[in-house]
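Step one of this worksheet: look at the structure below.
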Amino acid sequence: MATLETFRTETRAWLQDNCPEVIRGSGLSFAGGDKEPIQNEDFKSWFDACVSRGYTVPSWPREYGGAELSPAEVKVLHEEMRAMRAPQPLVGMGYSMIGPTLLEMGDDEQKARHLLRIARGETRWCQGYSEPGAGSDLAALQTRAVSDGDSYVVNGSKIWTSGADKADWIFCLVRTDPKASKHEGISFVLFPMDASGVTVKPIVLIAGTSPFCETFFDDVKVPKSERVGPENRGWAIAKRLLQHERFSIGGPSAPSKANKLSSIAKQYVGELDGKLADAHLRDDILKNEMSARAFKLTTQRSAQENAKGESITFATSMFKYYSTELTCEEDELKLKAMGTQSLGWEGENFSRREIAITRSWLFDKALTIAGGSSEVQLNIIAKRVLSLPD
Ligand SMILES: Cc1cc2nc3c(=O)[nH]c(=O)nc-3n(C[C@H](O)[C@H](O)[C@H](O)COP(=O)(O)OP(=O)(O)OC[C@H]3O[C@@H](n4cnc5c(N)ncnc54)[C@H](O)[C@@H]3O)c2cc1C
């Protein structure tokens with residue numbers, strides 16, 4: 001324990017020295033690659049310092065750019081960063097999804113080719129999973145990869161590929177055996193987005209631009225050395241990656257909102273005897289805040305219970321489900337408190353914070369769908385966690 005306390009003291013001092021005050025609480029982030037480079041010089045110096053110390057990917061081995069921190073040390077690091085409001089230096093699918101999956105399931109050459117580049121923020125990744133006919137039923141995917149010597153030739157299309165227009169590489173599910181049962185003929189491949197035959201078309205939503213893209217593959221040549229795991233056995237890798245994705249959305253180190261529900265409600269509804277004036281709303285807010293606190297403690301306990309840090313299991317579906325639904329409930333309560341001030345999308349009649357709250361209310365609903373919808377998480381919990389019959 002003394003060692004952990006020493007680590008905390010040293011980490012706090014290092015953060016003080018290396019995280020410029022002006023970027024604390026700024027919400028700045030970087031997902032890697034050079035299509036959306038870091039613009040802010042202070043954030044750049046913070047990012048570079050983290051790269052040198054292995055803090056962009058603190059738990060990864062040193063040879064892949066990490067600091068080899070234990071789960072307990074990572075927790076301390078995150079606590080100290082949160083206390084200082086230091087921005088997370090690296091975000092994105094390289095850091096949270098394909099990186100951890102390659103660490104577990106990639107071969108040595110793939111790790112050497114990709115992991116250090118992710119840790120240094122040199123590459124940005126996107127996820128080629130969903131297709132027009134394969135969302136919740138992901139294993140119905142039809143993008144085809146045909147063997148051609150040392151390569152595959154990939155044809156098909158993906159949809160909702162977040163950030164595909166900014167990404168350098170894609171991790172992609174392809175069908176390599178159309179005759180096998182649907183879960184068994186899938187392989188997991190990696191290829192650069194500037195490969196010949198890859199076309200990206202951004203999707204414009206009713207609210208304007210979005211990170212979503214359609215991604216088309218026409219005779220894209222992918223070396224077999226970029227297939228992760230055995231041919232036709234990509235489903236196991238796909239599922240593992242989804243656990244990492246769900247962990248990043250709902251696990252203990254997922255970005256948490258500062259729960260300002262009570263103070264926002266007091267501002268709009270007013271106070272009576274030092275309490276929120278609306279008794280019903282007060283009751284609902286209290287329940288939400290208690291649930292949020294209980295959830296936080298549960299995720300922390302779950303991470304601590306496993307000394308190896310193997311907290312990424314099917315239980316991540318519970319965390320993903322609960323945290324995203326709870327956030328939506330919190331958003332609804334904010335709206336209830338704010339009344340008509342919560343209905344602005346833009347314009348002078350609404351403050352910046354009001355508009356941000358309204359937009360969060362709409363965006364957070366998407367998190368109950370991304371990485372597998374809430375209903376799909378409930379199915380997984382029933383089957384894999386509770387062992388209920390199909
Ligand atoms: C913010 C966001 C980012 C995303 N980013 C990516 C990305 O980068 N790459 C990528 O590949 N995909 C991405 N997606 C797509 C996402 O994975 C799919 O939207 C999701 O898996 C649901 O698939 P679908 O949209 O086809 O809905 P459908 O599968 O058509 O589902 C429609 C409705 O039916 C329900 N339903 C379906 N099957 C069942 C069932 N068996 N039991 C109970 N209810 C069921 C669902 O819960 C949902 O409410 C993203 C989605 C969002 C919202």
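Chain labels follow the order of the structure tokens: the first chain is A, the next B, and so on; residue numbering restarts at 1 in every chain, and ligands are counted from 1 in their shown order.
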
>> Please return as JSON, numbers by chain the residues found within 6 Å of ligand 1, counting only C-alpha atoms and all ligand atoms.
In response: {"A": [126, 127, 128, 129, 130, 134, 135, 136, 137, 160, 161, 162, 366, 367, 369, 370, 371, 372, 373, 374, 375, 376]}

Prev. selection, C-alpha atoms, output as a PDB file, in the first residue's frame:
```
ATOM      1  CA  CYS A 126     -12.410   3.099 -37.339  1.00  0.00           C
ATOM      2  CA  GLN A 127     -14.723   0.134 -36.899  1.00  0.00           C
ATOM      3  CA  GLY A 128     -16.132  -1.726 -39.907  1.00  0.00           C
ATOM      4  CA  TYR A 129     -18.794  -3.883 -38.249  1.00  0.00           C
ATOM      5  CA  SER A 130     -22.368  -2.756 -39.046  1.00  0.00           C
ATOM      6  CA  ALA A 134     -26.418  -6.457 -40.050  1.00  0.00           C
ATOM      7  CA  GLY A 135     -26.679  -4.316 -36.912  1.00  0.00           C
ATOM      8  CA  SER A 136     -27.935  -6.138 -33.824  1.00  0.00           C
ATOM      9  CA  ASP A 137     -27.715  -9.315 -35.877  1.00  0.00           C
ATOM     10  CA  TRP A 160     -22.445   3.953 -39.397  1.00  0.00           C
ATOM     11  CA  THR A 161     -18.640   3.772 -39.594  1.00  0.00           C
ATOM     12  CA  SER A 162     -17.873   6.537 -37.080  1.00  0.00           C
ATOM     13  CA  ALA A 366     -27.166   7.176 -29.253  1.00  0.00           C
ATOM     14  CA  LEU A 367     -24.951   5.572 -26.610  1.00  0.00           C
ATOM     15  CA  ILE A 369     -27.424   1.931 -29.365  1.00  0.00           C
ATOM     16  CA  ALA A 370     -23.668   2.197 -30.118  1.00  0.00           C
ATOM     17  CA  GLY A 371     -21.670  -0.943 -29.351  1.00  0.00           C
ATOM     18  CA  GLY A 372     -24.930  -2.962 -29.282  1.00  0.00           C
ATOM     19  CA  SER A 373     -28.329  -1.633 -28.234  1.00  0.00           C
ATOM     20  CA  SER A 374     -29.717  -1.844 -24.696  1.00  0.00           C
ATOM     21  CA  GLU A 375     -32.026  -4.695 -25.751  1.00  0.00           C
ATOM     22  CA  VAL A 376     -29.057  -6.630 -27.111  1.00  0.00           C
TER      23      VAL A 376
END
```

Could you give me, as a Markdown table, every range 203-296 of chain A residue with an atom at most 12 Å from range 339-347 of chain A, plus its closest atom pair and distance in Å to one decimal, counting only C-alpha atoms, rows ordered by chain then number?
```
| residue | atom | partner | partner_atom | distance |
| --- | --- | --- | --- | --- |
| A:Ala207 | CA | A:Trp345 | CA | 9.3 |
| A:Gly208 | CA | A:Trp345 | CA | 11.7 |
| A:Ile264 | CA | A:Ser342 | CA | 11.5 |
| A:Ala265 | CA | A:Gly339 | CA | 10.1 |
| A:Gln267 | CA | A:Gly339 | CA | 11.7 |
| A:Tyr268 | CA | A:Gly339 | CA | 8.2 |
| A:Val269 | CA | A:Gly339 | CA | 9.1 |
```

> Using only C-alpha atoms, which residues sit within 7 Å of range 94-100 of chain A once same-chain residues fewer than 2 positions away are excluded, as a PyMOL selection string?
Replying inline: chain A and resi 57+90-92+102-104+115+118+124-125+241+244-245+248

Store the residues picked out above, limited to N, CA and C atoms, as an mmCIF file, in the first residue's frame.
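Written output follows (part_21.cif):
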```cif
data_model
loop_
_atom_site.group_PDB
_atom_site.id
_atom_site.type_symbol
_atom_site.label_atom_id
_atom_site.label_comp_id
_atom_site.auth_asym_id
_atom_site.auth_seq_id
_atom_site.Cartn_x
_atom_site.Cartn_y
_atom_site.Cartn_z
ATOM 1 N N VAL A 57 -1.241 5.151 -22.999
ATOM 2 C CA VAL A 57 -1.785 3.791 -22.866
ATOM 3 C C VAL A 57 -1.143 3.175 -21.618
ATOM 4 N N LEU A 90 -5.166 10.585 -24.920
ATOM 5 C CA LEU A 90 -5.498 9.854 -26.154
ATOM 6 C C LEU A 90 -6.855 9.194 -26.000
ATOM 7 N N VAL A 91 -7.703 9.386 -27.006
ATOM 8 C CA VAL A 91 -9.005 8.717 -27.017
ATOM 9 C C VAL A 91 -9.121 7.979 -28.349
ATOM 10 N N GLY A 92 -10.277 7.397 -28.614
ATOM 11 C CA GLY A 92 -10.500 6.810 -29.929
ATOM 12 C C GLY A 92 -10.414 5.296 -29.944
ATOM 13 N N LEU A 102 -5.686 -6.328 -29.966
ATOM 14 C CA LEU A 102 -4.430 -6.838 -30.555
ATOM 15 C C LEU A 102 -3.475 -7.319 -29.466
ATOM 16 N N LEU A 103 -3.452 -6.603 -28.351
ATOM 17 C CA LEU A 103 -2.577 -7.032 -27.246
ATOM 18 C C LEU A 103 -2.896 -8.468 -26.832
ATOM 19 N N GLU A 104 -4.173 -8.807 -26.835
ATOM 20 C CA GLU A 104 -4.580 -10.154 -26.416
ATOM 21 C C GLU A 104 -4.545 -11.158 -27.549
ATOM 22 N N LEU A 115 0.804 -1.332 -32.530
ATOM 23 C CA LEU A 115 0.530 -0.815 -31.180
ATOM 24 C C LEU A 115 1.301 0.456 -30.834
ATOM 25 N N ILE A 118 -0.242 3.409 -32.373
ATOM 26 C CA ILE A 118 -1.453 3.865 -31.667
ATOM 27 C C ILE A 118 -1.036 4.673 -30.434
ATOM 28 N N ARG A 124 -5.128 6.703 -36.538
ATOM 29 C CA ARG A 124 -6.509 6.751 -36.043
ATOM 30 C C ARG A 124 -7.269 5.597 -36.703
ATOM 31 N N TRP A 125 -8.122 4.942 -35.924
ATOM 32 C CA TRP A 125 -8.800 3.743 -36.413
ATOM 33 C C TRP A 125 -10.310 3.941 -36.476
ATOM 34 N N LEU A 241 -13.603 -7.689 -28.939
ATOM 35 C CA LEU A 241 -13.454 -6.247 -29.160
ATOM 36 C C LEU A 241 -14.692 -5.491 -28.657
ATOM 37 N N HIS A 244 -14.432 -4.754 -25.105
ATOM 38 C CA HIS A 244 -13.588 -3.573 -24.849
ATOM 39 C C HIS A 244 -14.364 -2.290 -25.172
ATOM 40 N N GLU A 245 -15.128 -2.324 -26.263
ATOM 41 C CA GLU A 245 -15.911 -1.138 -26.625
ATOM 42 C C GLU A 245 -16.918 -0.811 -25.515
ATOM 43 N N SER A 248 -15.347 0.658 -22.549
ATOM 44 C CA SER A 248 -14.965 2.071 -22.694
ATOM 45 C C SER A 248 -16.189 2.977 -22.608
#
```

> For Gln377 in chain A, which residue out of A:Lys35, A:Lys166, A:Lys75, A:Lys320 is the nearest one, using only C-alpha atoms?
Replying inline: A:Lys320

>> Please list as an MDAnalysis selection string every residue within 12 Å of Asp283 in chain A, counting only C-alpha atoms and excluding residues in the same chain fewer than 6 positions away.
In response: chainID A and resid 262 265 275:277 289:290 333

Could those selected residues go to a file with N, CA and C atoms, as a compact mmCIF listing (two decimals), in the first residue's frame?
```txt
# COMPACT_ATOMS: atom_id res chain seq x y z
N SER A 262 -28.65 18.30 -9.24
CA SER A 262 -29.31 19.05 -8.16
C SER A 262 -29.13 20.55 -8.34
N ALA A 265 -31.18 21.86 -11.22
CA ALA A 265 -32.61 21.88 -10.89
C ALA A 265 -32.93 23.04 -9.94
N LYS A 275 -34.28 23.30 0.22
CA LYS A 275 -34.44 22.09 -0.61
C LYS A 275 -35.04 22.48 -1.96
N LEU A 276 -34.88 21.59 -2.91
CA LEU A 276 -35.50 21.83 -4.21
C LEU A 276 -37.01 21.98 -4.02
N ALA A 277 -37.58 23.03 -4.65
CA ALA A 277 -38.98 23.37 -4.35
C ALA A 277 -39.98 22.29 -4.81
N GLU A 289 -29.34 10.19 -8.38
CA GLU A 289 -27.99 10.42 -7.85
C GLU A 289 -27.53 9.25 -6.99
N MET A 290 -28.46 8.64 -6.27
CA MET A 290 -28.08 7.45 -5.48
C MET A 290 -27.70 6.29 -6.41
N LEU A 333 -34.19 14.25 -16.51
CA LEU A 333 -34.49 15.03 -15.30
C LEU A 333 -34.03 16.48 -15.45
```

> Which residues, written as a ChimeraX atom specification, have at least one atom at most 7 Å from Val220 in chain A, with only C-alpha atoms counted and residues fewer than 5 positions away on the same chain left out?
Replying inline: /A:153-155,195-198

Go ahead and save the residues from that selection, with N, CA and C atoms, as a PDB file, in the first residue's frame.
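Output below, filename selection_30.pdb:
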```pdb
ATOM      1  N   VAL A 153      -9.397 -10.470 -51.389  1.00  0.00           N
ATOM      2  CA  VAL A 153      -9.992  -9.377 -52.140  1.00  0.00           C
ATOM      3  C   VAL A 153     -11.352  -9.111 -51.501  1.00  0.00           C
ATOM      4  N   VAL A 154     -11.501  -7.880 -50.978  1.00  0.00           N
ATOM      5  CA  VAL A 154     -12.684  -7.555 -50.173  1.00  0.00           C
ATOM      6  C   VAL A 154     -13.660  -6.710 -50.991  1.00  0.00           C
ATOM      7  N   ASN A 155     -14.939  -7.123 -50.961  1.00  0.00           N
ATOM      8  CA  ASN A 155     -16.011  -6.370 -51.612  1.00  0.00           C
ATOM      9  C   ASN A 155     -17.214  -6.278 -50.672  1.00  0.00           C
ATOM     10  N   ALA A 195      -6.195   2.367 -48.926  1.00  0.00           N
ATOM     11  CA  ALA A 195      -5.999   1.252 -49.855  1.00  0.00           C
ATOM     12  C   ALA A 195      -6.882   1.474 -51.081  1.00  0.00           C
ATOM     13  N   SER A 196      -6.383   1.031 -52.212  1.00  0.00           N
ATOM     14  CA  SER A 196      -7.149   1.196 -53.448  1.00  0.00           C
ATOM     15  C   SER A 196      -8.491   0.456 -53.321  1.00  0.00           C
ATOM     16  N   GLY A 197      -9.592   1.136 -53.706  1.00  0.00           N
ATOM     17  CA  GLY A 197     -10.914   0.500 -53.648  1.00  0.00           C
ATOM     18  C   GLY A 197     -11.731   0.857 -52.424  1.00  0.00           C
ATOM     19  N   VAL A 198     -11.162   1.628 -51.473  1.00  0.00           N
ATOM     20  CA  VAL A 198     -11.942   2.055 -50.294  1.00  0.00           C
ATOM     21  C   VAL A 198     -12.525   3.442 -50.574  1.00  0.00           C
TER      22      VAL A 198
END
```

Among range 263-367 of chain A, which residues does DSSP mark as helix (DSSP H, G or I) when it is run on the backbone? Keep the chain and numbering as in the structure and answer as a compact mmCIF listing (two decimals) with C-alpha atoms, in the first residue's frame.
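The result, stored in out00.txt:
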```
# COMPACT_ATOMS: atom_id res chain seq x y z
CA SER A 263 -27.68 22.43 -8.71
CA ILE A 264 -29.16 22.77 -12.21
CA ALA A 265 -32.61 21.88 -10.89
CA LYS A 266 -32.32 24.38 -8.00
CA GLN A 267 -31.40 27.10 -10.45
CA TYR A 268 -34.54 26.58 -12.56
CA VAL A 269 -37.10 25.29 -10.05
CA ALA A 279 -40.93 17.53 -4.08
CA HIS A 280 -41.55 15.01 -6.91
CA LEU A 281 -38.58 16.17 -8.89
CA ARG A 282 -36.48 16.18 -5.72
CA ASP A 283 -37.40 12.56 -5.13
CA ASP A 284 -36.55 11.52 -8.72
CA ILE A 285 -33.24 13.39 -8.64
CA LEU A 286 -32.28 11.82 -5.35
CA LYS A 287 -32.97 8.33 -6.74
CA ASN A 288 -30.92 9.07 -9.85
CA GLU A 289 -27.99 10.42 -7.85
CA MET A 290 -28.08 7.45 -5.48
CA SER A 291 -28.15 5.05 -8.43
CA ALA A 292 -25.21 6.90 -10.02
CA ARG A 293 -23.23 6.65 -6.79
CA ALA A 294 -24.07 2.96 -6.33
CA PHE A 295 -23.14 2.26 -9.94
CA LYS A 296 -19.78 4.00 -9.58
CA LEU A 297 -18.97 1.95 -6.49
CA THR A 298 -20.05 -1.25 -8.24
CA THR A 299 -17.78 -0.66 -11.24
CA GLN A 300 -14.89 0.15 -8.90
CA ARG A 301 -15.50 -2.96 -6.81
CA SER A 302 -15.74 -5.09 -9.92
CA ALA A 303 -12.37 -3.76 -11.13
CA GLN A 304 -10.74 -4.29 -7.73
CA GLU A 305 -12.16 -7.78 -7.20
CA THR A 316 -19.39 -5.27 -19.29
CA SER A 317 -22.84 -5.60 -20.92
CA MET A 318 -24.38 -4.87 -17.50
CA PHE A 319 -22.20 -1.80 -17.06
CA LYS A 320 -22.80 -0.56 -20.58
CA TYR A 321 -26.55 -1.05 -20.27
CA TYR A 322 -26.88 0.51 -16.83
CA SER A 323 -24.59 3.49 -17.34
CA THR A 324 -26.11 4.57 -20.66
CA GLU A 325 -29.70 4.17 -19.43
CA LEU A 326 -28.88 6.02 -16.20
CA THR A 327 -27.31 8.88 -18.16
CA CYS A 328 -30.45 9.16 -20.28
CA GLU A 329 -32.54 9.30 -17.10
CA GLU A 330 -30.31 12.06 -15.74
CA ASP A 331 -30.69 13.98 -19.02
CA GLU A 332 -34.49 13.68 -18.86
CA LEU A 333 -34.49 15.03 -15.30
CA LYS A 334 -32.42 18.03 -16.35
CA LEU A 335 -34.94 18.72 -19.08
CA LYS A 336 -37.82 18.40 -16.67
CA ALA A 337 -36.20 20.95 -14.37
CA MET A 338 -35.30 23.39 -17.14
CA GLY A 339 -38.74 23.41 -18.78
CA THR A 340 -38.87 25.31 -22.08
CA GLN A 341 -35.25 26.44 -21.64
CA SER A 342 -34.31 22.86 -22.51
CA ARG A 352 -24.47 27.93 -24.21
CA ARG A 353 -24.91 25.58 -21.28
CA GLU A 354 -28.63 25.12 -22.03
CA ILE A 355 -27.88 24.26 -25.63
CA ALA A 356 -25.14 21.87 -24.53
CA ILE A 357 -27.55 20.10 -22.16
CA THR A 358 -30.19 19.74 -24.88
CA ARG A 359 -27.62 18.36 -27.32
CA SER A 360 -26.30 15.93 -24.72
CA TRP A 361 -29.85 14.75 -24.07
CA LEU A 362 -30.15 13.84 -27.75
CA PHE A 363 -26.63 12.50 -28.21
CA ASP A 364 -26.67 10.32 -25.10
CA LYS A 365 -29.57 8.32 -26.51
CA ALA A 366 -27.17 7.18 -29.25
CA LEU A 367 -24.95 5.57 -26.61
```

> Any idea what's packed within 10 Å of Ala145 in chain A, counting only C-alpha atoms, ignoring anything in its chain fewer than 6 positions away? Could you give it as a VMD selection string?
Replying inline: chain A and resid 151 to 156 173 to 178 186 to 187 189 219 to 222

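Among A:Ser45, A:Gln243, A:Thr215, A:Ser147, the residue with the shortest atom-to-atom distance to Ile380 in chain A, counting only C-alpha atoms, is A:Gln243.
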